[in-house]
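Listing of start.csv, CSV, C-alpha atoms
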```
chain,number,residue,atom,x,y,z
A,1,MET,CA,25.8,35.7,-67.1
A,2,SER,CA,25.1,34.2,-70.4
A,3,LEU,CA,25.2,30.8,-68.9
A,4,ILE,CA,22.6,31.8,-66.3
A,5,ARG,CA,20.4,33.4,-69.0
A,6,SER,CA,20.6,30.4,-71.1
A,7,ARG,CA,19.6,28.2,-68.2
A,8,MET,CA,16.7,30.3,-67.0
A,9,PRO,CA,14.2,29.3,-69.6
A,10,VAL,CA,15.0,25.6,-69.0
A,11,SER,CA,14.5,26.1,-65.3
A,12,LEU,CA,11.2,27.8,-65.9
A,13,LEU,CA,10.2,25.0,-68.2
A,14,VAL,CA,11.0,22.4,-65.7
A,15,LEU,CA,9.1,24.3,-63.0
A,16,THR,CA,6.1,24.7,-65.2
A,17,ALA,CA,6.2,21.1,-66.1
A,18,ALA,CA,6.5,20.1,-62.5
A,19,LEU,CA,3.5,22.3,-61.5
A,20,MET,CA,1.4,20.9,-64.4
A,21,THR,CA,2.3,17.4,-63.5
A,22,THR,CA,1.4,18.0,-59.9
A,23,GLY,CA,-1.9,19.6,-60.8
A,24,ALA,CA,-2.7,16.9,-63.2
A,25,SER,CA,-1.9,14.2,-60.7
A,26,ALA,CA,-3.9,15.9,-58.0
A,27,ALA,CA,-6.9,16.1,-60.4
A,28,LEU,CA,-6.4,12.4,-61.3
A,29,ALA,CA,-5.9,11.4,-57.6
A,30,ALA,CA,-9.3,12.7,-56.3
A,31,ALA,CA,-10.0,10.3,-53.4
A,32,SER,CA,-12.8,7.8,-53.6
A,33,GLU,CA,-15.0,6.4,-50.9
A,34,ASP,CA,-12.9,3.3,-50.9
A,35,ASP,CA,-9.8,5.4,-50.3
A,36,PHE,CA,-11.5,7.0,-47.3
A,37,LYS,CA,-12.7,3.7,-45.9
A,38,ALA,CA,-9.1,2.3,-46.1
A,39,ALA,CA,-7.6,5.5,-44.6
A,40,TYR,CA,-10.2,5.7,-41.9
A,41,ALA,CA,-9.8,2.0,-40.9
A,42,ALA,CA,-6.1,2.4,-40.6
A,43,ALA,CA,-6.6,5.5,-38.4
A,44,GLU,CA,-9.2,3.8,-36.3
A,45,ALA,CA,-7.0,0.7,-35.8
A,46,ALA,CA,-4.1,2.9,-34.6
A,47,ASN,CA,-6.3,4.8,-32.2
A,48,LYS,CA,-7.7,1.5,-30.9
A,49,GLN,CA,-4.1,0.5,-30.1
A,50,ALA,CA,-3.5,3.8,-28.4
A,51,GLY,CA,-6.6,3.0,-26.3
A,52,LEU,CA,-5.2,-0.3,-25.3
A,53,LEU,CA,-2.2,1.6,-24.1
A,54,ARG,CA,-4.5,4.0,-22.2
A,55,ASP,CA,-3.2,7.0,-24.0
A,56,GLN,CA,-5.6,8.3,-26.7
A,57,TRP,CA,-5.4,11.9,-27.7
A,58,SER,CA,-8.5,14.1,-28.1
A,59,ALA,CA,-7.0,15.5,-31.3
A,60,THR,CA,-7.2,12.1,-32.8
A,61,VAL,CA,-10.8,11.7,-31.9
A,62,THR,CA,-11.5,15.1,-33.4
A,63,ALA,CA,-9.7,14.2,-36.6
A,64,LEU,CA,-11.6,11.0,-36.9
A,65,ALA,CA,-14.9,12.8,-36.4
A,66,ASP,CA,-13.8,15.4,-39.1
A,67,ALA,CA,-13.0,12.6,-41.5
A,68,LYS,CA,-16.5,11.0,-41.0
A,69,LYS,CA,-18.2,14.4,-41.4
A,70,ALA,CA,-16.3,15.1,-44.7
A,71,ALA,CA,-17.1,11.7,-46.0
A,72,GLY,CA,-20.7,12.2,-45.2
A,73,ALA,CA,-20.7,15.4,-47.2
A,74,GLY,CA,-19.0,13.5,-50.1
A,75,ASN,CA,-15.7,15.3,-49.7
A,76,PHE,CA,-13.5,12.3,-49.9
A,77,ASP,CA,-10.3,14.3,-50.4
A,78,GLN,CA,-10.8,16.0,-47.1
A,79,ALA,CA,-12.0,12.8,-45.5
A,80,VAL,CA,-8.8,11.0,-46.5
A,81,ALA,CA,-6.7,13.9,-45.3
A,82,SER,CA,-8.4,14.0,-41.9
A,83,SER,CA,-8.1,10.2,-41.6
A,84,ASN,CA,-4.4,10.4,-42.4
A,85,GLU,CA,-4.0,13.1,-39.8
A,86,ALA,CA,-5.8,11.0,-37.3
A,87,GLU,CA,-3.6,8.0,-38.0
A,88,ALA,CA,-0.5,10.2,-37.6
A,89,LEU,CA,-1.7,11.5,-34.3
A,90,ALA,CA,-2.7,8.0,-33.1
A,91,LYS,CA,0.8,6.7,-34.0
A,92,ALA,CA,2.4,9.6,-32.1
A,93,SER,CA,0.3,8.7,-29.0
A,94,ILE,CA,1.4,5.1,-29.4
A,95,PHE,CA,5.0,6.2,-29.6
A,96,GLN,CA,4.5,8.3,-26.5
A,97,ALA,CA,2.9,5.5,-24.5
A,98,THR,CA,5.6,3.1,-25.5
A,99,SER,CA,8.5,5.3,-24.7
A,100,GLU,CA,6.9,6.4,-21.4
A,101,LYS,CA,6.9,2.8,-20.2
A,102,ASP,CA,10.4,3.5,-19.0
A,103,ALA,CA,10.9,7.2,-19.4
A,104,TRP,CA,8.5,8.1,-16.6
A,105,LYS,CA,11.2,7.0,-14.1
A,106,ALA,CA,13.3,10.0,-15.0
A,107,LEU,CA,10.8,12.3,-13.4
A,108,GLU,CA,10.3,10.3,-10.2
A,109,ILE,CA,11.2,11.9,-6.9
A,110,ARG,CA,13.7,9.6,-5.2
B,111,MET,CA,43.3,-35.7,-19.3
B,112,ASN,CA,39.9,-34.1,-20.1
B,113,VAL,CA,39.0,-33.3,-16.5
B,114,ARG,CA,41.1,-30.1,-16.2
B,115,PRO,CA,39.3,-28.2,-19.0
B,116,THR,CA,36.0,-29.3,-17.6
B,117,ILE,CA,36.9,-28.0,-14.2
B,118,LEU,CA,38.1,-24.7,-15.7
B,119,PHE,CA,34.9,-24.4,-17.7
B,120,VAL,CA,32.7,-25.1,-14.7
B,121,SER,CA,34.7,-22.6,-12.5
B,122,ALA,CA,34.4,-19.9,-15.2
B,123,ALA,CA,30.7,-20.6,-15.5
B,124,LEU,CA,30.2,-20.4,-11.7
B,125,ALA,CA,32.3,-17.2,-11.5
B,126,LEU,CA,30.1,-15.6,-14.3
B,127,ALA,CA,27.0,-16.7,-12.5
B,128,VAL,CA,28.1,-15.2,-9.2
B,129,LEU,CA,29.1,-12.0,-11.0
B,130,ALA,CA,25.7,-11.8,-12.8
B,131,PHE,CA,23.9,-12.4,-9.6
B,132,ALA,CA,25.8,-9.7,-7.8
B,133,ALA,CA,25.2,-7.3,-10.6
B,134,ALA,CA,21.5,-8.1,-10.6
B,135,GLN,CA,21.2,-7.3,-6.8
B,136,PRO,CA,21.5,-3.5,-6.9
B,137,ALA,CA,19.1,-3.3,-9.9
B,138,ALA,CA,16.6,-5.4,-8.0
B,139,ALA,CA,17.0,-3.3,-4.9
B,140,ALA,CA,16.6,-0.1,-6.9
B,141,ASP,CA,13.3,-1.5,-8.5
B,142,ALA,CA,11.9,-2.7,-5.2
B,143,ILE,CA,8.6,-1.1,-4.3
B,144,ASP,CA,9.1,0.8,-1.1
B,145,PRO,CA,6.1,3.1,-0.4
B,146,ALA,CA,7.5,4.4,2.9
B,147,ALA,CA,10.7,5.5,1.3
B,148,ASP,CA,8.8,7.0,-1.6
B,149,ALA,CA,6.5,9.0,0.7
B,150,LYS,CA,9.5,10.2,2.7
B,151,ALA,CA,11.3,11.4,-0.4
B,152,PHE,CA,8.1,12.9,-1.8
B,153,GLN,CA,7.5,15.0,1.3
B,154,LYS,CA,11.1,16.0,1.6
B,155,TYR,CA,11.1,17.3,-2.0
B,156,PHE,CA,8.2,19.6,-1.3
B,157,THR,CA,9.3,20.8,2.2
B,158,SER,CA,12.8,21.6,0.7
B,159,LYS,CA,11.3,23.4,-2.3
B,160,PHE,CA,9.1,25.5,0.0
B,161,PRO,CA,11.0,25.7,3.3
B,162,LYS,CA,8.8,28.4,4.8
B,163,LEU,CA,5.7,26.3,4.6
B,164,LYS,CA,4.6,24.0,7.4
B,165,LEU,CA,3.7,20.5,6.3
B,166,GLU,CA,0.0,21.0,7.1
B,167,ASP,CA,0.0,24.2,4.9
B,168,PHE,CA,0.4,22.1,1.7
B,169,VAL,CA,-3.2,21.0,1.9
B,170,ASN,CA,-4.3,24.5,1.0
B,171,GLY,CA,-2.7,24.1,-2.4
B,172,PRO,CA,-2.0,27.3,-4.3
B,173,TYR,CA,-3.3,29.5,-1.5
B,174,SER,CA,-0.2,28.6,0.6
B,175,LEU,CA,2.1,29.5,-2.2
B,176,ASN,CA,0.9,32.9,-3.2
B,177,GLU,CA,0.3,35.7,-0.7
B,178,ASP,CA,-2.4,37.5,-2.6
B,179,MET,CA,-4.3,34.4,-3.2
B,180,HIS,CA,-4.0,33.5,0.4
B,181,ARG,CA,-5.6,36.7,1.4
B,182,GLN,CA,-8.5,36.2,-1.0
B,183,TRP,CA,-8.9,32.6,0.3
B,184,VAL,CA,-9.1,33.7,3.9
B,185,GLU,CA,-11.9,36.1,3.0
B,186,LYS,CA,-13.6,33.5,0.8
B,187,GLU,CA,-13.7,31.0,3.7
B,188,GLU,CA,-16.0,33.4,5.6
B,189,PHE,CA,-18.8,32.4,3.1
B,190,PRO,CA,-17.3,29.4,1.4
B,191,PRO,CA,-18.7,28.5,-2.0
B,192,TYR,CA,-18.9,24.8,-1.1
B,193,GLU,CA,-21.3,25.5,1.8
B,194,PHE,CA,-24.5,24.7,-0.2
B,195,SER,CA,-23.0,21.4,-1.3
B,196,LEU,CA,-21.9,20.6,2.3
B,197,ASP,CA,-25.5,21.2,3.5
B,198,MET,CA,-26.9,19.1,0.8
B,199,GLY,CA,-24.4,16.3,1.6
B,200,LYS,CA,-25.4,16.4,5.3
B,201,GLU,CA,-29.0,16.1,4.4
B,202,MET,CA,-28.5,13.3,1.9
B,203,PHE,CA,-26.3,11.4,4.3
B,204,ALA,CA,-29.0,11.4,7.0
B,205,LYS,CA,-31.8,10.5,4.6
B,206,PRO,CA,-32.5,6.7,4.7
B,207,PHE,CA,-32.7,4.6,1.5
B,208,LYS,CA,-36.0,3.1,0.4
B,209,ASN,CA,-35.1,0.0,2.4
B,210,GLY,CA,-34.7,2.0,5.6
B,211,LYS,CA,-31.0,1.6,5.8
B,212,GLY,CA,-28.5,4.5,5.2
B,213,TYR,CA,-25.0,5.4,4.3
B,214,ALA,CA,-24.0,5.1,8.0
B,215,ASP,CA,-24.7,1.3,7.8
B,216,CYS,CA,-22.1,0.9,5.1
B,217,PHE,CA,-19.1,2.5,6.8
B,218,ALA,CA,-17.1,2.2,10.0
B,219,ASN,CA,-18.1,4.6,12.7
B,220,GLY,CA,-21.3,5.4,10.9
B,221,GLY,CA,-19.3,7.1,8.1
B,222,ILE,CA,-18.3,10.0,10.4
B,223,GLY,CA,-14.6,11.1,10.6
B,224,ILE,CA,-13.3,8.3,8.3
B,225,ARG,CA,-12.3,10.2,5.2
B,226,GLN,CA,-8.6,10.0,6.1
B,227,ASN,CA,-8.7,6.2,5.7
B,228,TYR,CA,-9.7,6.3,2.1
B,229,PRO,CA,-8.7,4.9,-0.3
B,230,TYR,CA,-7.9,1.5,1.1
B,231,PHE,CA,-6.8,-1.8,-0.5
B,232,ASP,CA,-9.5,-4.4,-0.4
B,233,ASP,CA,-7.7,-7.8,-0.1
B,234,LYS,CA,-10.8,-9.7,-1.1
B,235,GLU,CA,-11.3,-7.8,-4.4
B,236,GLY,CA,-7.5,-7.3,-4.8
B,237,LYS,CA,-8.1,-3.7,-5.8
B,238,VAL,CA,-8.1,-0.2,-4.3
B,239,VAL,CA,-11.5,1.1,-3.1
B,240,THR,CA,-12.0,4.8,-3.0
B,241,LEU,CA,-14.6,6.7,-0.9
B,242,GLU,CA,-16.5,7.6,-4.1
B,243,LEU,CA,-16.6,4.0,-5.2
B,244,ALA,CA,-17.6,2.8,-1.7
B,245,LEU,CA,-20.5,5.3,-1.6
B,246,ASN,CA,-21.9,4.1,-4.9
B,247,ARG,CA,-21.4,0.5,-3.9
B,248,CYS,CA,-23.3,1.3,-0.7
B,249,ARG,CA,-26.1,2.7,-2.8
B,250,GLU,CA,-26.3,-0.2,-5.2
B,251,ALA,CA,-26.2,-2.7,-2.3
B,252,ASN,CA,-29.3,-1.0,-0.9
B,253,GLY,CA,-31.2,-1.0,-4.2
B,254,GLU,CA,-30.4,2.6,-5.1
B,255,PRO,CA,-29.0,3.8,-8.5
B,256,PRO,CA,-25.4,5.0,-8.5
B,257,PHE,CA,-24.5,8.7,-8.7
B,258,SER,CA,-22.3,10.3,-11.3
B,259,TYR,CA,-18.7,10.1,-10.0
B,260,VAL,CA,-17.7,13.6,-11.0
B,261,LYS,CA,-20.0,16.1,-9.3
B,262,ASP,CA,-23.3,17.1,-7.7
B,263,GLU,CA,-24.6,14.4,-5.3
B,264,MET,CA,-21.3,12.6,-5.1
B,265,ALA,CA,-19.4,15.8,-4.5
B,266,ALA,CA,-22.0,16.7,-1.8
B,267,LEU,CA,-21.7,13.4,0.0
B,268,THR,CA,-17.9,13.3,0.0
B,269,ALA,CA,-17.9,17.0,1.0
B,270,TYR,CA,-19.9,16.1,4.1
B,271,MET,CA,-17.8,13.1,4.9
B,272,ALA,CA,-14.6,15.1,4.5
B,273,PHE,CA,-16.0,17.9,6.7
B,274,THR,CA,-16.6,15.4,9.5
B,275,SER,CA,-12.9,14.3,9.1
B,276,ARG,CA,-11.3,17.8,9.0
B,277,GLY,CA,-8.0,17.9,10.9
B,278,LYS,CA,-7.6,14.1,10.9
B,279,LEU,CA,-4.4,13.0,9.3
B,280,PHE,CA,-4.3,11.0,6.2
B,281,ASP,CA,-3.6,7.4,7.3
B,282,ILE,CA,-3.5,5.3,4.2
B,283,LYS,CA,-2.4,1.7,4.7
B,284,ILE,CA,-0.5,-0.4,2.2
B,285,PRO,CA,-0.7,-4.0,3.4
B,286,ASN,CA,2.2,-6.4,2.8
B,287,ASP,CA,0.4,-7.8,-0.2
B,288,PRO,CA,2.1,-7.8,-3.6
B,289,ARG,CA,-1.2,-6.7,-5.2
B,290,ALA,CA,-1.4,-3.6,-2.9
B,291,LEU,CA,2.2,-2.8,-3.7
B,292,GLU,CA,1.5,-3.2,-7.4
B,293,ALA,CA,-1.4,-0.9,-7.1
B,294,PHE,CA,0.8,1.7,-5.4
B,295,GLU,CA,3.4,1.3,-8.1
B,296,THR,CA,0.8,1.5,-10.9
B,297,GLY,CA,-0.5,4.7,-9.4
B,298,LYS,CA,3.0,6.2,-9.2
B,299,GLN,CA,3.7,5.2,-12.8
B,300,TYR,CA,0.4,6.9,-13.9
B,301,PHE,CA,1.4,10.0,-11.9
B,302,TYR,CA,4.7,10.4,-13.6
B,303,THR,CA,3.8,9.2,-17.1
B,304,ARG,CA,3.5,11.9,-19.8
B,305,ARG,CA,0.4,11.6,-21.8
B,306,GLY,CA,-1.9,13.6,-24.1
B,307,GLN,CA,-0.9,15.7,-27.1
B,308,LEU,CA,0.7,18.3,-24.8
B,309,ASN,CA,3.0,15.6,-23.4
B,310,PHE,CA,2.3,16.4,-19.8
B,311,SER,CA,2.4,14.2,-16.8
B,312,CYS,CA,0.6,15.0,-13.5
B,313,ALA,CA,4.2,15.6,-12.2
B,314,SER,CA,4.9,18.1,-14.9
B,315,CYS,CA,2.6,20.6,-13.2
B,316,HIS,CA,2.3,19.5,-9.6
B,317,VAL,CA,5.9,18.4,-9.0
B,318,GLN,CA,8.1,20.4,-11.3
B,319,ASN,CA,6.1,23.6,-11.3
B,320,PRO,CA,4.0,24.1,-8.2
B,321,GLY,CA,3.7,27.8,-7.4
B,322,GLU,CA,4.2,28.8,-11.0
B,323,ARG,CA,1.5,30.0,-13.2
B,324,ILE,CA,-0.1,28.1,-16.1
B,325,ARG,CA,-2.1,30.8,-17.9
B,326,ALA,CA,-3.9,32.5,-15.0
B,327,GLU,CA,-3.7,29.7,-12.5
B,328,VAL,CA,-1.2,29.0,-9.8
B,329,LEU,CA,-0.3,25.4,-9.8
B,330,ALA,CA,-0.8,23.4,-6.6
B,331,PRO,CA,1.8,21.1,-5.2
B,332,ALA,CA,1.1,17.4,-5.4
B,333,LEU,CA,1.7,17.0,-1.7
B,334,GLY,CA,-1.6,17.4,0.0
B,335,ILE,CA,-3.5,17.9,-3.2
B,336,LEU,CA,-6.2,15.4,-2.4
B,337,ASN,CA,-6.6,16.4,1.3
B,338,ALA,CA,-8.9,19.3,0.2
B,339,MET,CA,-11.2,17.2,-2.0
B,340,PRO,CA,-13.9,17.6,-3.0
B,341,ILE,CA,-13.5,21.2,-4.1
B,342,TYR,CA,-15.6,24.0,-5.4
B,343,ARG,CA,-13.7,25.4,-8.5
B,344,SER,CA,-14.6,28.7,-9.9
B,345,GLU,CA,-13.4,27.5,-13.2
B,346,TRP,CA,-16.0,24.7,-13.1
B,347,GLY,CA,-18.6,26.9,-11.6
B,348,GLY,CA,-19.4,24.2,-9.1
B,349,MET,CA,-18.2,21.3,-7.0
B,350,GLY,CA,-16.0,18.5,-8.3
B,351,THR,CA,-14.8,15.2,-6.9
B,352,ILE,CA,-11.4,13.5,-7.2
B,353,SER,CA,-12.7,11.7,-10.2
B,354,ARG,CA,-13.5,15.1,-11.8
B,355,ARG,CA,-10.1,16.4,-11.0
B,356,PHE,CA,-8.3,13.4,-12.6
B,357,THR,CA,-10.5,13.3,-15.7
B,358,THR,CA,-10.2,17.1,-16.2
B,359,CYS,CA,-6.4,17.0,-15.9
B,360,ASN,CA,-6.2,14.4,-18.6
B,361,VAL,CA,-8.5,16.4,-20.9
B,362,GLN,CA,-6.4,19.5,-20.3
B,363,THR,CA,-3.3,17.7,-21.6
B,364,ARG,CA,-5.4,16.9,-24.7
B,365,GLY,CA,-5.8,13.3,-23.7
B,366,VAL,CA,-8.9,11.2,-23.6
B,367,ALA,CA,-9.9,10.8,-20.0
B,368,LEU,CA,-10.4,7.3,-18.7
B,369,ASP,CA,-13.6,6.2,-17.1
B,370,PRO,CA,-14.0,7.7,-13.6
B,371,GLN,CA,-13.0,5.0,-11.0
B,372,SER,CA,-11.1,3.0,-13.6
B,373,ASP,CA,-8.3,1.0,-12.1
B,374,GLU,CA,-5.7,3.5,-13.1
B,375,TYR,CA,-7.4,6.4,-11.4
B,376,ARG,CA,-8.1,4.3,-8.2
B,377,ASP,CA,-4.4,3.4,-8.1
B,378,LEU,CA,-3.4,7.0,-8.7
B,379,GLU,CA,-5.6,8.1,-5.8
B,380,TYR,CA,-4.0,5.4,-3.6
B,381,TYR,CA,-0.5,6.6,-4.5
B,382,LEU,CA,-1.2,10.3,-4.1
B,383,SER,CA,-3.1,9.8,-0.8
B,384,TYR,CA,-0.4,7.6,0.7
B,385,VAL,CA,2.5,10.0,-0.1
B,386,SER,CA,0.4,12.7,1.8
B,387,ASN,CA,0.1,10.5,4.9
B,388,GLY,CA,0.4,12.7,8.0
B,389,LEU,CA,-1.2,15.7,6.4
B,390,PRO,CA,-4.7,16.8,7.7
B,391,ILE,CA,-7.9,16.4,5.8
B,392,SER,CA,-9.1,19.9,4.9
B,393,GLY,CA,-11.9,19.2,2.5
B,394,PRO,CA,-14.2,20.4,1.2
B,395,GLY,CA,-12.1,23.1,-0.3
B,396,ALA,CA,-12.3,25.9,-2.8
B,397,ARG,CA,-10.0,26.6,-5.7
B,398,PRO,CA,-9.9,29.3,-8.4
```

Now, as a test, write the supplied structure out as structure tokens.
Amino acid sequence: MSLIRSRMPVSLLVLTAALMTTGASAALAAASEDDFKAAYAAAEAANKQAGLLRDQWSATVTALADAKKAAGAGNFDQAVASSNEAEALAKASIFQATSEKDAWKALEIR
Amino acid sequence: MNVRPTILFVSAALALAVLAFAAAQPAAAADAIDPAADAKAFQKYFTSKFPKLKLEDFVNGPYSLNEDMHRQWVEKEEFPPYEFSLDMGKEMFAKPFKNGKGYADCFANGGIGIRQNYPYFDDKEGKVVTLELALNRCREANGEPPFSYVKDEMAALTAYMAFTSRGKLFDIKIPNDPRALEAFETGKQYFYTRRGQLNFSCASCHVQNPGERIRAEVLAPALGILNAMPIYRSEWGGMGTISRRFTTCNVQTRGVALDPQSDEYRDLEYYLSYVSNGLPISGPGARP
């Protein structure tokens, strides 16, 4: 018991410090327009690749539009977040298209 | 002295080559494109899954799979919702272009009773030509602007052409041309390929789950699914073409639809029509 009691304040201190650090870094890491441009370009490139594979997702298009809208309103944190989401979705669609190149045969009626 | 190892080496190499060739044969045979075998297996799958249905019943889609819906459909057919479009199509078909020619000049048999032959493989172009595409090409060749591929005028024209072909059996030809076989195979691949965020293929609904409900709708079997096109869909509140059906399906899986009449959709129509060879044209149709 005493051991636990003695450790509790330390744990709380660590937790508080961690939260403060996170908060501080979040405040420090407010996204810039350049961050948005980089994130958006990456997402757009991935979606273009999905297009070449003929497998774009509508959710990617929506996320890209959300990113542009947020950037237009000066909310670059949101713009970067939406761009990252779009990139993740586009990469998932690329994975789908690539794996389906052979996987479709499993469904075929023979 | 050195001859023996050489002979041994050459013999071993030959044996390996023979083995490799023999092993490659079944794989090559399995991958060979055989539309006739595919169509046979396709039809057998559905007739086995729904043993009570006659082959021709499959063209009525979900109405053949659900008794209540079938009753509704019989009543609906007394005043079919596609009738306005059919009348419009008949009128449009008869009206000459500005140059005095008409649709009848672009098609065999004056365009009457020919729906069952579309799509076909055009060996000059090396691609599949659908009825919708042929209609717009006819218009453009006669100095008229093309119609939207998805509804309204195009749906009306194809409704009339389907109506004049009712009862005729799908008779899609695949010539012995590697490009035609490739088009068939590409269409098949598109049909079975999962796409969109929901990870659905055409087959997920129309092969694996016909007769089951997806939300309020009863899924139609893939066999005969194009025979009833174009259709009036209550969900759309109007008529839609095959192009509309394909693009809508892609959107419903949360995918971005391709352009109507893109090569993939043309090949998909070629595949789906061919595997329904022998089933009657029933279009225009109505669906929930």

Using only C-alpha atoms, I'd like a table of the residues in chain A that come within 8 Å of chain B; for each, show the closest atom pair and its distance in Å rounded to one decimal, ordered by chain and ascending number, as a tab-separated table.
```
residue	atom	partner	partner_atom	distance
A:Arg54	CA	B:Leu368	CA	7.6
A:Asp55	CA	B:Arg305	CA	6.2
A:Gln56	CA	B:Val366	CA	5.4
A:Trp57	CA	B:Gly365	CA	4.3
A:Ser58	CA	B:Gly365	CA	5.2
A:Ala59	CA	B:Arg364	CA	6.9
A:Ser93	CA	B:Gly306	CA	7.3
A:Gln96	CA	B:Arg305	CA	7.1
A:Ala97	CA	B:Arg305	CA	7.1
A:Glu100	CA	B:Thr303	CA	6.0
A:Lys101	CA	B:Thr303	CA	7.8
A:Ala103	CA	B:Thr303	CA	7.7
A:Trp104	CA	B:Thr303	CA	4.9
A:Lys105	CA	B:Tyr302	CA	7.4
A:Leu107	CA	B:Tyr302	CA	6.4
A:Glu108	CA	B:Tyr302	CA	6.6
A:Ile109	CA	B:Phe152	CA	6.1
A:Arg110	CA	B:Ala151	CA	5.7
```

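Each of A:Ala92, A:Ala106, A:Ala79, A:Ala86 was checked against Ala31 in chain A using all atoms listed in the file; the smallest atom-to-atom distance is that of A:Ala79.
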
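Each of A:Ala65, A:Ala88, A:Ile94, A:Ala70 was compared to Ala42 in chain A using only C-alpha atoms, and A:Ala88 turns out to be the nearest.
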
### Task
Write out as a PyMOL selection string the residues lying within 9 Å of Ile341 in chain B, counting only C-alpha atoms and excluding same-chain residues fewer than 2 positions away.
chain B and resi 192+265+269+338-339+343+348-352+393-397

### Message
Just to confirm, what's the straight-line distance from CA of Asn227 in chain B to CA of Phe294 in chain B in Å (one decimal)?
### Response
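Distance between the two atoms: 15.3 Å.
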
### Query
If we count only C-alpha atoms, what is near Lys278 in chain B at a cut-off of 7 Å, once residues fewer than 6 positions away on the same chain are taken out, given as a list of chain:residue names?
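Contacts, with the query itself left out: B:Gln226, B:Pro390, B:Ile391.
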
### Query
Near Glu33 in chain A, counting all atoms listed in the file, which residues have an atom at most 12 Å away, once you skip same-chain residues fewer than 5 positions from it, shown as a list in words?
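Skipping anything fewer than 5 positions along the chain leaves Ala38, Ala39, Tyr40, Ala67, Lys68, Ala70, Ala71, Gly72, Ala73, Gly74, Asn75, Phe76, Asp77, Gln78, Ala79 and Val80 of chain A.
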
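Of note, CA of Asp141 in chain B and CA of Glu292 in chain B are spaced 12.0 Å apart.
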
### Query
Which is closest to Pro331 in chain B among B:Ser195, B:Gln182, B:Ser174, B:Asn209, if we use only C-alpha atoms?
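Answer, going by the shortest atom-to-atom distance: B:Ser174.
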
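Between CA of Tyr384 in chain B and CA of Leu241 in chain B the interatomic distance comes to 14.3 Å.
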
### Polymer residues at most 12 Å from Ala204 in chain B, all atoms listed in the file, same-chain spacing of 5 or more positions, as a list in words
Asp197, Met198, Gly199, Gly210, Lys211, Gly212, Tyr213, Ala214, Asp215, Gly220, Gly221, Ile222, Leu267, Tyr270 and Met271 of chain B

### Message
Applying 9 Å and all atoms listed in the file, which residues near Lys91 in chain A remain after dropping the ones on its own chain fewer than 5 positions away? List them as a PyMOL selection string.
### Response
chain A and resi 43+46-47+49-50+86+96
